[in-house]
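S.K.: My structure file model25.cif, mmCIF, C-alpha atoms, is below:
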```cif
data_query
#
loop_
_atom_site.group_PDB
_atom_site.id
_atom_site.type_symbol
_atom_site.label_atom_id
_atom_site.label_comp_id
_atom_site.auth_asym_id
_atom_site.auth_seq_id
_atom_site.Cartn_x
_atom_site.Cartn_y
_atom_site.Cartn_z
ATOM 1 C CA TYR A 18 -9.738 1.752 -58.978
ATOM 2 C CA SER A 19 -7.188 3.414 -56.633
ATOM 3 C CA TYR A 20 -10.008 4.597 -54.319
ATOM 4 C CA THR A 21 -11.585 1.148 -54.213
ATOM 5 C CA LEU A 22 -8.227 -0.491 -53.510
ATOM 6 C CA GLY A 23 -7.578 1.976 -50.700
ATOM 7 C CA MET A 24 -10.946 1.214 -49.103
ATOM 8 C CA VAL A 25 -10.297 -2.525 -49.229
ATOM 9 C CA ILE A 26 -6.866 -2.133 -47.633
ATOM 10 C CA GLY A 27 -8.268 0.179 -44.930
ATOM 11 C CA LEU A 28 -11.054 -2.223 -44.057
ATOM 12 C CA ALA A 29 -8.588 -5.090 -43.859
ATOM 13 C CA ARG A 30 -6.356 -3.145 -41.503
ATOM 14 C CA SER A 31 -9.259 -2.154 -39.226
ATOM 15 C CA GLN A 32 -10.578 -5.681 -38.755
ATOM 16 C CA PRO A 33 -8.311 -6.629 -35.797
ATOM 17 C CA ALA A 34 -9.214 -3.413 -33.936
ATOM 18 C CA TYR A 35 -12.888 -3.985 -34.698
ATOM 19 C CA ARG A 36 -12.749 -7.522 -33.325
ATOM 20 C CA LEU A 37 -11.004 -6.289 -30.148
ATOM 21 C CA MET A 38 -13.727 -3.686 -29.702
ATOM 22 C CA LEU A 39 -16.427 -6.343 -29.999
ATOM 23 C CA GLN A 40 -14.635 -8.560 -27.476
ATOM 24 C CA SER A 41 -14.329 -5.707 -24.994
ATOM 25 C CA MET A 42 -18.036 -4.948 -25.317
ATOM 26 C CA ALA A 43 -18.815 -8.533 -24.355
ATOM 27 C CA GLN A 44 -16.645 -8.324 -21.216
ATOM 28 C CA ASP A 45 -17.986 -7.212 -17.819
ATOM 29 C CA LEU A 46 -15.864 -4.151 -17.052
ATOM 30 C CA ILE A 47 -17.318 -3.698 -13.520
ATOM 31 C CA ASP A 48 -15.415 -5.483 -10.762
ATOM 32 C CA TYR A 49 -18.472 -6.460 -8.722
ATOM 33 C CA ALA A 50 -16.428 -8.357 -6.131
ATOM 34 C CA THR A 51 -14.341 -5.275 -5.335
ATOM 35 C CA LEU A 52 -17.403 -3.025 -5.401
ATOM 36 C CA HIS A 53 -19.252 -5.356 -3.010
ATOM 37 C CA GLN A 54 -16.256 -5.353 -0.661
ATOM 38 C CA ILE A 55 -16.114 -1.546 -0.658
ATOM 39 C CA ARG A 56 -19.827 -1.296 0.186
ATOM 40 C CA GLN A 57 -19.527 -3.699 3.126
ATOM 41 C CA PRO A 58 -19.226 -2.237 6.652
ATOM 42 C CA GLN A 59 -15.782 -2.166 8.189
ATOM 43 C CA PRO A 60 -15.401 -4.444 11.243
ATOM 44 C CA LEU A 61 -16.129 -3.103 14.704
ATOM 45 C CA GLN A 62 -13.062 -2.363 16.811
ATOM 46 C CA LEU A 63 -12.575 -3.592 20.383
ATOM 47 C CA SER A 64 -10.141 -2.385 23.039
ATOM 48 C CA GLY A 65 -8.694 -4.456 25.859
ATOM 49 C CA VAL A 66 -10.950 -5.419 28.765
ATOM 50 C CA ALA A 67 -10.904 -3.283 31.906
ATOM 51 C CA ILE A 68 -11.555 -5.125 35.195
ATOM 52 C CA LEU A 69 -13.176 -2.734 37.665
ATOM 53 C CA PRO A 70 -13.942 -2.997 41.410
ATOM 54 C CA SER A 71 -17.453 -4.112 42.377
ATOM 55 C CA GLY A 72 -17.401 -5.160 45.998
ATOM 56 C CA THR A 73 -15.203 -7.643 47.802
ATOM 57 C CA THR A 74 -15.535 -10.723 45.587
ATOM 58 C CA ARG A 75 -17.083 -9.406 42.372
ATOM 59 C CA ARG A 76 -15.832 -7.354 39.451
ATOM 60 C CA ASP A 77 -17.300 -5.239 36.673
ATOM 61 C CA LEU A 78 -16.042 -5.824 33.132
ATOM 62 C CA ALA A 79 -15.808 -3.102 30.492
ATOM 63 C CA VAL A 80 -14.597 -3.010 26.903
ATOM 64 C CA LYS A 81 -14.662 -0.091 24.481
ATOM 65 C CA VAL A 82 -16.187 -0.736 21.047
ATOM 66 C CA SER A 83 -16.054 1.563 18.017
ATOM 67 C CA ASN A 84 -18.183 1.606 14.878
ATOM 68 C CA PRO A 85 -16.036 3.232 12.139
ATOM 69 C CA ASN A 86 -18.940 3.222 9.661
ATOM 70 C CA PRO A 87 -20.940 6.441 9.157
ATOM 71 C CA ASN A 88 -23.313 4.520 6.829
ATOM 72 C CA PHE A 89 -24.143 1.574 9.110
ATOM 73 C CA TYR A 90 -26.055 1.197 12.362
ATOM 74 C CA VAL A 91 -25.890 -1.923 14.569
ATOM 75 C CA PRO A 92 -29.398 -2.568 15.963
ATOM 76 C CA VAL A 93 -28.288 -5.741 17.764
ATOM 77 C CA LEU A 94 -24.791 -6.285 19.113
ATOM 78 C CA ARG A 95 -24.228 -9.356 21.274
ATOM 79 C CA TYR A 96 -20.943 -9.774 23.107
ATOM 80 C CA ALA A 97 -19.242 -12.092 25.570
ATOM 81 C CA PHE A 98 -16.475 -11.930 28.154
ATOM 82 C CA SER A 99 -14.380 -15.056 28.619
ATOM 83 C CA GLN A 100 -11.573 -16.277 30.821
ATOM 84 C CA GLY A 101 -9.458 -19.324 30.112
ATOM 85 C CA GLY A 102 -11.704 -20.239 27.174
ATOM 86 C CA ALA A 103 -14.875 -20.214 29.304
ATOM 87 C CA THR A 104 -17.593 -17.588 28.978
ATOM 88 C CA VAL A 105 -18.083 -15.663 32.220
ATOM 89 C CA ALA A 106 -20.635 -13.051 31.057
ATOM 90 C CA THR A 107 -22.679 -12.011 28.030
ATOM 91 C CA GLY A 108 -24.563 -8.886 27.040
ATOM 92 C CA GLN A 109 -26.476 -7.101 24.304
ATOM 93 C CA ALA A 110 -26.350 -3.500 23.095
ATOM 94 C CA PHE A 111 -26.823 -1.299 20.030
ATOM 95 C CA LEU A 112 -24.234 0.858 18.284
ATOM 96 C CA LEU A 113 -25.016 3.979 16.300
ATOM 97 C CA PRO A 114 -23.161 5.128 13.159
ATOM 98 C CA GLY A 115 -19.660 6.327 14.026
ATOM 99 C CA GLU A 116 -20.254 5.710 17.743
ATOM 100 C CA THR A 117 -17.665 4.675 20.324
ATOM 101 C CA LYS A 118 -18.814 3.511 23.743
ATOM 102 C CA TYR A 119 -18.228 0.991 26.531
ATOM 103 C CA LEU A 120 -19.894 -2.404 26.789
ATOM 104 C CA PHE A 121 -20.343 -3.728 30.329
ATOM 105 C CA SER A 122 -21.113 -6.735 32.445
ATOM 106 C CA PHE A 123 -21.623 -5.895 36.113
ATOM 107 C CA GLY A 124 -21.056 -7.863 39.308
ATOM 108 C CA ILE A 125 -19.244 -10.897 37.893
ATOM 109 C CA ALA A 126 -17.852 -13.376 40.411
ATOM 110 C CA GLY A 127 -14.731 -15.510 40.054
ATOM 111 C CA ILE A 128 -12.577 -13.118 38.020
ATOM 112 C CA THR A 129 -8.959 -13.955 38.830
ATOM 113 C CA GLY A 130 -6.899 -12.983 35.779
ATOM 114 C CA THR A 131 -6.970 -11.679 32.233
ATOM 115 C CA VAL A 132 -10.373 -11.448 30.544
ATOM 116 C CA GLN A 133 -11.043 -11.409 26.790
ATOM 117 C CA ALA A 134 -13.982 -9.828 24.972
ATOM 118 C CA SER A 135 -15.552 -10.966 21.708
ATOM 119 C CA LEU A 136 -18.506 -9.991 19.527
ATOM 120 C CA THR A 137 -20.750 -13.011 19.088
ATOM 121 C CA ASP A 138 -23.448 -11.496 16.854
ATOM 122 C CA VAL A 139 -23.457 -8.245 14.862
ATOM 123 C CA SER A 140 -26.461 -7.207 12.771
ATOM 124 C CA TRP A 141 -25.991 -4.347 10.315
ATOM 125 C CA SER A 142 -28.462 -1.827 8.945
ATOM 126 C CA ARG A 143 -27.480 0.670 6.237
ATOM 127 C CA VAL A 144 -28.433 4.299 6.901
ATOM 128 C CA GLN A 145 -28.066 7.654 5.178
ATOM 129 C CA PRO A 146 -25.718 9.801 7.322
ATOM 130 C CA ASP A 147 -27.727 13.001 6.770
ATOM 131 C CA GLU A 148 -30.997 11.279 7.679
ATOM 132 C CA TYR A 149 -29.421 9.735 10.775
ATOM 133 C CA ARG A 150 -28.100 13.109 11.978
ATOM 134 C CA ARG A 151 -31.499 14.733 11.503
ATOM 135 C CA LEU A 152 -33.203 11.886 13.379
ATOM 136 C CA ALA A 153 -30.706 11.976 16.245
ATOM 137 C CA ASP A 154 -30.805 15.770 16.515
ATOM 138 C CA ASP A 155 -34.592 15.694 16.550
ATOM 139 C CA ARG A 156 -35.181 12.867 19.028
ATOM 140 C CA VAL A 157 -32.108 12.598 21.248
ATOM 141 C CA GLN A 158 -31.462 15.776 23.194
ATOM 142 C CA VAL A 159 -30.409 14.472 26.591
ATOM 143 C CA ALA A 160 -28.244 16.942 28.491
ATOM 144 C CA ILE A 161 -26.132 15.854 31.470
ATOM 145 C CA THR A 162 -25.137 18.790 33.659
ATOM 146 C CA ASN A 163 -23.866 19.636 37.156
ATOM 147 C CA ILE A 164 -21.862 16.432 37.640
ATOM 148 C CA ALA A 165 -20.336 16.285 41.117
ATOM 149 C CA HIS A 166 -18.381 13.377 42.606
ATOM 150 C CA VAL A 167 -17.861 13.287 46.381
ATOM 151 C CA PRO A 168 -15.218 10.810 47.667
ATOM 152 C CA ALA A 169 -15.754 8.774 50.803
ATOM 153 C CA ALA A 170 -13.480 11.037 52.851
ATOM 154 C CA ASP A 171 -15.894 13.947 52.315
ATOM 155 C CA LEU A 172 -19.097 12.049 53.164
ATOM 156 C CA ARG A 173 -18.657 12.305 56.958
ATOM 157 C CA GLN A 174 -20.695 9.577 58.674
ATOM 158 C CA LEU A 175 -21.622 7.992 55.315
ATOM 159 C CA GLY A 176 -17.953 7.679 54.482
ATOM 160 C CA SER A 177 -17.653 4.526 56.572
ATOM 161 C CA GLN A 178 -20.430 2.866 54.552
ATOM 162 C CA LEU A 179 -19.872 4.156 51.019
ATOM 163 C CA GLY A 180 -16.945 4.577 48.645
ATOM 164 C CA GLY A 181 -18.355 7.833 47.311
ATOM 165 C CA GLN A 182 -21.355 9.469 45.675
ATOM 166 C CA THR A 183 -21.859 10.945 42.214
ATOM 167 C CA SER A 184 -24.683 13.401 41.530
ATOM 168 C CA PHE A 185 -25.841 14.874 38.225
ATOM 169 C CA THR A 186 -28.842 16.406 36.460
ATOM 170 C CA VAL A 187 -30.521 14.764 33.463
ATOM 171 C CA ALA A 188 -32.494 17.150 31.239
ATOM 172 C CA ASN A 189 -34.693 16.425 28.227
ATOM 173 C CA ARG A 190 -34.438 19.295 25.737
ATOM 174 C CA SER A 191 -36.477 17.715 22.942
ATOM 175 C CA ILE A 192 -40.204 17.742 22.148
ATOM 176 C CA PHE A 193 -40.313 13.976 22.701
ATOM 177 C CA GLY A 194 -40.901 12.294 26.017
ATOM 178 C CA TYR A 195 -38.567 9.428 27.006
ATOM 179 C CA TRP A 196 -40.040 6.359 28.646
ATOM 180 C CA ASP A 197 -36.695 5.146 29.917
ATOM 181 C CA VAL A 198 -33.165 6.531 29.580
ATOM 182 C CA GLY A 199 -30.270 4.245 30.449
ATOM 183 C CA LEU A 200 -27.277 5.962 32.046
ATOM 184 C CA HIS A 201 -23.712 4.763 32.493
ATOM 185 C CA VAL A 202 -21.912 6.608 35.283
ATOM 186 C CA LEU A 203 -18.163 6.414 34.624
ATOM 187 C CA LEU A 204 -15.327 7.390 36.956
ATOM 188 C CA PHE A 205 -11.863 8.115 35.610
ATOM 189 C CA ASN A 206 -8.374 8.628 36.908
ATOM 190 C CA GLY A 207 -6.950 10.710 34.107
ATOM 191 C CA GLU A 208 -7.783 8.779 30.926
ATOM 192 C CA GLN A 209 -8.191 5.437 32.723
ATOM 193 C CA LEU A 210 -11.652 4.112 33.529
ATOM 194 C CA VAL A 211 -11.590 3.010 37.193
ATOM 195 C CA ALA A 212 -15.270 2.394 38.067
ATOM 196 C CA ALA A 213 -18.652 2.185 36.367
ATOM 197 C CA GLN A 214 -22.283 1.838 37.345
ATOM 198 C CA ARG A 215 -25.585 1.622 35.495
ATOM 199 C CA SER A 216 -28.497 3.859 36.398
ATOM 200 C CA ARG A 217 -31.662 5.014 34.636
ATOM 201 C CA VAL A 218 -34.353 7.650 34.669
ATOM 202 C CA HIS A 219 -37.990 6.772 33.977
ATOM 203 C CA GLN A 220 -40.519 8.839 32.016
ATOM 204 C CA LEU A 221 -38.604 12.027 31.388
ATOM 205 C CA ILE A 222 -41.118 14.473 29.933
ATOM 206 C CA PRO A 223 -40.264 17.080 27.266
ATOM 207 C CA ARG A 224 -38.347 19.986 28.783
ATOM 208 C CA GLY A 225 -38.221 18.051 32.043
ATOM 209 C CA GLN A 226 -35.220 17.282 34.230
ATOM 210 C CA GLN A 227 -34.292 15.141 37.218
ATOM 211 C CA ARG A 228 -31.481 15.210 39.753
ATOM 212 C CA LEU A 229 -29.946 11.799 40.439
ATOM 213 C CA THR A 230 -27.398 10.572 42.976
ATOM 214 C CA VAL A 231 -25.487 7.318 42.558
ATOM 215 C CA SER A 232 -23.858 5.758 45.612
ATOM 216 C CA TRP A 233 -20.762 3.586 45.326
ATOM 217 C CA ALA A 234 -20.954 0.750 47.830
ATOM 218 C CA HIS A 235 -17.294 -0.262 47.531
ATOM 219 C CA ALA A 236 -13.937 1.413 47.941
ATOM 220 C CA LEU A 237 -12.804 3.424 44.917
ATOM 221 C CA PRO A 238 -9.352 4.256 43.588
ATOM 222 C CA LEU A 239 -8.366 7.884 42.993
ATOM 223 C CA VAL A 240 -11.005 9.633 40.863
ATOM 224 C CA THR A 241 -10.123 12.778 38.902
ATOM 225 C CA HIS A 242 -13.415 13.235 37.059
ATOM 226 C CA ALA A 243 -16.791 11.635 36.367
ATOM 227 C CA THR A 244 -18.787 11.273 33.155
ATOM 228 C CA VAL A 245 -22.389 10.215 32.577
ATOM 229 C CA VAL A 246 -23.261 8.664 29.206
ATOM 230 C CA PRO A 247 -26.966 8.392 28.253
ATOM 231 C CA GLU A 248 -28.119 5.349 26.284
ATOM 232 C CA LEU A 249 -30.992 6.267 23.975
ATOM 233 C CA ASN A 250 -31.584 4.731 20.552
ATOM 234 C CA PRO A 251 -33.207 7.156 18.067
ATOM 235 C CA TYR A 252 -34.308 4.190 15.922
ATOM 236 C CA ASP A 253 -36.264 2.599 18.774
ATOM 237 C CA ARG A 254 -39.732 4.160 18.473
ATOM 238 C CA SER A 255 -40.926 2.428 21.639
ATOM 239 C CA ALA A 256 -38.500 4.563 23.668
ATOM 240 C CA PHE A 257 -40.370 7.821 22.913
ATOM 241 C CA PHE A 258 -43.735 9.410 23.446
ATOM 242 C CA ASP A 259 -44.567 12.539 21.503
ATOM 243 C CA TYR A 260 -46.648 15.467 22.607
ATOM 244 C CA ARG A 261 -46.130 19.188 22.240
ATOM 245 C CA VAL A 262 -45.519 21.379 25.238
ATOM 246 C CA PRO A 263 -47.879 24.418 25.190
ATOM 247 C CA GLY A 264 -46.124 27.742 24.824
#
```
Take the structure I supplied and represent it as structure tokens, if you would.

M.R.:
Amino acid sequence: YSYTLGMVIGLARSQPAYRLMLQSMAQDLIDYATLHQIRQPQPLQLSGVAILPSGTTRRDLAVKVSNPNPNFYVPVLRYAFSQGGATVATGQAFLLPGETKYLFSFGIAGITGTVQASLTDVSWSRVQPDEYRRLADDRVQVAITNIAHVPAADLRQLGSQLGGQTSFTVANRSIFGYWDVGLHVLLFNGEQLVAAQRSRVHQLIPRGQQRLTVSWAHALPLVTHATVVPELNPYDRSAFFDYRVPG
């Protein structure tokens, strides 16, 4: 009788805990809203707009954009420059995982004051960081070497016609051929971007290289160094042709 009474009392005492356990099993313990927020890409980051010289009456516009997401690629990035609430220029680009680069609009007339930049359309594509690095290392091996900037004062007779010249070598060190490589030639005074120009090289074969010279048709501020940034999207299969180089 004592054993039976003890069992009855024990069962009675355990009932509240048992009911709480059943209730907890019925609850959704995963915070899906928080999990969804964590898995979303972080917003792209924009700097202030730089207004650069581009002749007597026109200006080039540049803004730096950063993708802080190693797991997301932006296949289509549309942007706009505006002044006084009115759009003065638009453009489209792509942005690779973790990439920081400049977005440009060249030769814009009527720029008289502060310009704002905005992202009007951003499409996201999730990627595996290791797979992206392997793809980029395999397909994108564009080397920029022997950069030399000559100011107008050193161009002799051409100095009266040009603001300067920038020369560089573009080399393809991959096994893929490139149909078209976009190039942004950037001039800096210290850390400040002071001039920019777009160039390109067509059909760069594997292990091939080309020497390019960019002429600046307008007066330039003081330039301390030049940089050339290639624009090549490893996810764009139409940008490559593949054949092996013998030997």

S.K.: Which residues are close to A:Gln209, i.e. within 10 Å by only C-alpha atoms, leaving aside same-chain residues fewer than 2 positions away? Reply as a short mmCIF file (atom, residue, chain, number, x, y, z; two decimals) with C-alpha atoms, in the coordinates of the input.

M.R.:
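The result, written out as result27.cif:
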```
data_model
loop_
_atom_site.label_atom_id
_atom_site.label_comp_id
_atom_site.auth_asym_id
_atom_site.auth_seq_id
_atom_site.Cartn_x
_atom_site.Cartn_y
_atom_site.Cartn_z
CA ALA A 67 -10.90 -3.28 31.91
CA LEU A 204 -15.33 7.39 36.96
CA PHE A 205 -11.86 8.12 35.61
CA ASN A 206 -8.37 8.63 36.91
CA GLY A 207 -6.95 10.71 34.11
CA VAL A 211 -11.59 3.01 37.19
CA ALA A 212 -15.27 2.39 38.07
CA VAL A 240 -11.00 9.63 40.86
CA THR A 241 -10.12 12.78 38.90
#
```

S.K.: Using only C-alpha atoms, find the one residue out of A:Pro58, A:Gly225, A:Pro114, A:Pro85 that sits nearest to A:Thr186.

M.R.: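 For A:Thr186, the nearest of the candidates is A:Gly225.
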
S.K.: Which residue is closest to A:Pro92? Choose from A:Leu172, A:Val231, A:Leu113, A:Ala134 and count all atoms listed in the file.

M.R.: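 With all atoms listed in the file as the atom set, the closest residue is A:Leu113.
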
S.K.: Would you mind listing what lies within 10 Å of A:Gln214 as a list in words, with only C-alpha atoms counted and same-chain residues fewer than 2 positions away left out?

M.R.: Ser71, Asp77, Phe121, Ser122, Phe123, Gly124, Leu200, His201, Val202, Leu203, Leu204, Ala212, Ser216, Val231, Ser232, Trp233 and Val245 of chain A

S.K.: Identify all residues satisfying the PyMOL selection byres ((chain A and resi 161) around 8) in the given file; provide them as a list in words.

M.R.: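 In the shown coordinates, the PyMOL selection byres ((chain A and resi 161) around 8) covers Val159, Ala160, Thr162, Asn163, Ile164, Phe185, Thr186, Val187, Ala188 and Val245 of chain A.
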
S.K.: Write a file of the selected residues as a PDB file, in the frame of the given file, keeping C-alpha atoms.

M.R.:
```pdb
ATOM      1  CA  VAL A 159     -30.409  14.472  26.591  1.00  0.00           C
ATOM      2  CA  ALA A 160     -28.244  16.942  28.491  1.00  0.00           C
ATOM      3  CA  THR A 162     -25.137  18.790  33.659  1.00  0.00           C
ATOM      4  CA  ASN A 163     -23.866  19.636  37.156  1.00  0.00           C
ATOM      5  CA  ILE A 164     -21.862  16.432  37.640  1.00  0.00           C
ATOM      6  CA  PHE A 185     -25.841  14.874  38.225  1.00  0.00           C
ATOM      7  CA  THR A 186     -28.842  16.406  36.460  1.00  0.00           C
ATOM      8  CA  VAL A 187     -30.521  14.764  33.463  1.00  0.00           C
ATOM      9  CA  ALA A 188     -32.494  17.150  31.239  1.00  0.00           C
ATOM     10  CA  VAL A 245     -22.389  10.215  32.577  1.00  0.00           C
TER      11      VAL A 245
END
```

S.K.: Closest to A:Glu116 among A:Gln62, A:Thr131, A:Ser140, A:Gln100, using all atoms listed in the file?

M.R.: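 Of A:Gln62, A:Thr131, A:Ser140, A:Gln100, the one nearest A:Glu116, counting all atoms listed in the file, is A:Gln62.
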
S.K.: Compile the contact shell of A:Leu221 as a CSV table (one decimal) with C-alpha atoms, keeping the file's coordinate frame: residues with an atom at most 8 Å away, counting only C-alpha atoms, same-chain residues fewer than 5 positions apart removed.

M.R.:
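Result file is around37.csv:
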```csv
chain,number,residue,atom,x,y,z
A,188,ALA,CA,-32.5,17.2,31.2
A,189,ASN,CA,-34.7,16.4,28.2
A,194,GLY,CA,-40.9,12.3,26.0
A,195,TYR,CA,-38.6,9.4,27.0
A,196,TRP,CA,-40.0,6.4,28.6
A,197,ASP,CA,-36.7,5.1,29.9
A,198,VAL,CA,-33.2,6.5,29.6
A,226,GLN,CA,-35.2,17.3,34.2
A,227,GLN,CA,-34.3,15.1,37.2
```

S.K.: Which is closer to A:Gly130 than all the others in A:Gly72, A:Gly180, A:Pro146, A:Gly101, using all atoms listed in the file?

M.R.: A:Gly101

S.K.: Point out the residue among A:Ser64, A:Arg75, A:Asn86, A:Ser135 with the least atom-to-atom distance to A:Phe98, counting only C-alpha atoms.

M.R.: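 Nearest candidate to A:Phe98 out of A:Ser64, A:Arg75, A:Asn86, A:Ser135: A:Ser135.
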
S.K.: Excluding same-chain residues fewer than 3 positions from stretch 257-259 of chain A, what lies within 12 Å of it counting only C-alpha atoms, as a list of chain:residue names?

M.R.: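 Near stretch 257-259 of chain A, the qualifying residues are A:Asp155, A:Arg156, A:Val157, A:Gln158, A:Asn189, A:Ser191, A:Ile192, A:Phe193, A:Gly194, A:Tyr195, A:Trp196, A:Asp197, A:Val198, A:His219, A:Gln220, A:Leu221, A:Ile222, A:Pro223, A:Leu249, A:Asn250, A:Pro251, A:Tyr252, A:Asp253, A:Arg254, A:Val262.
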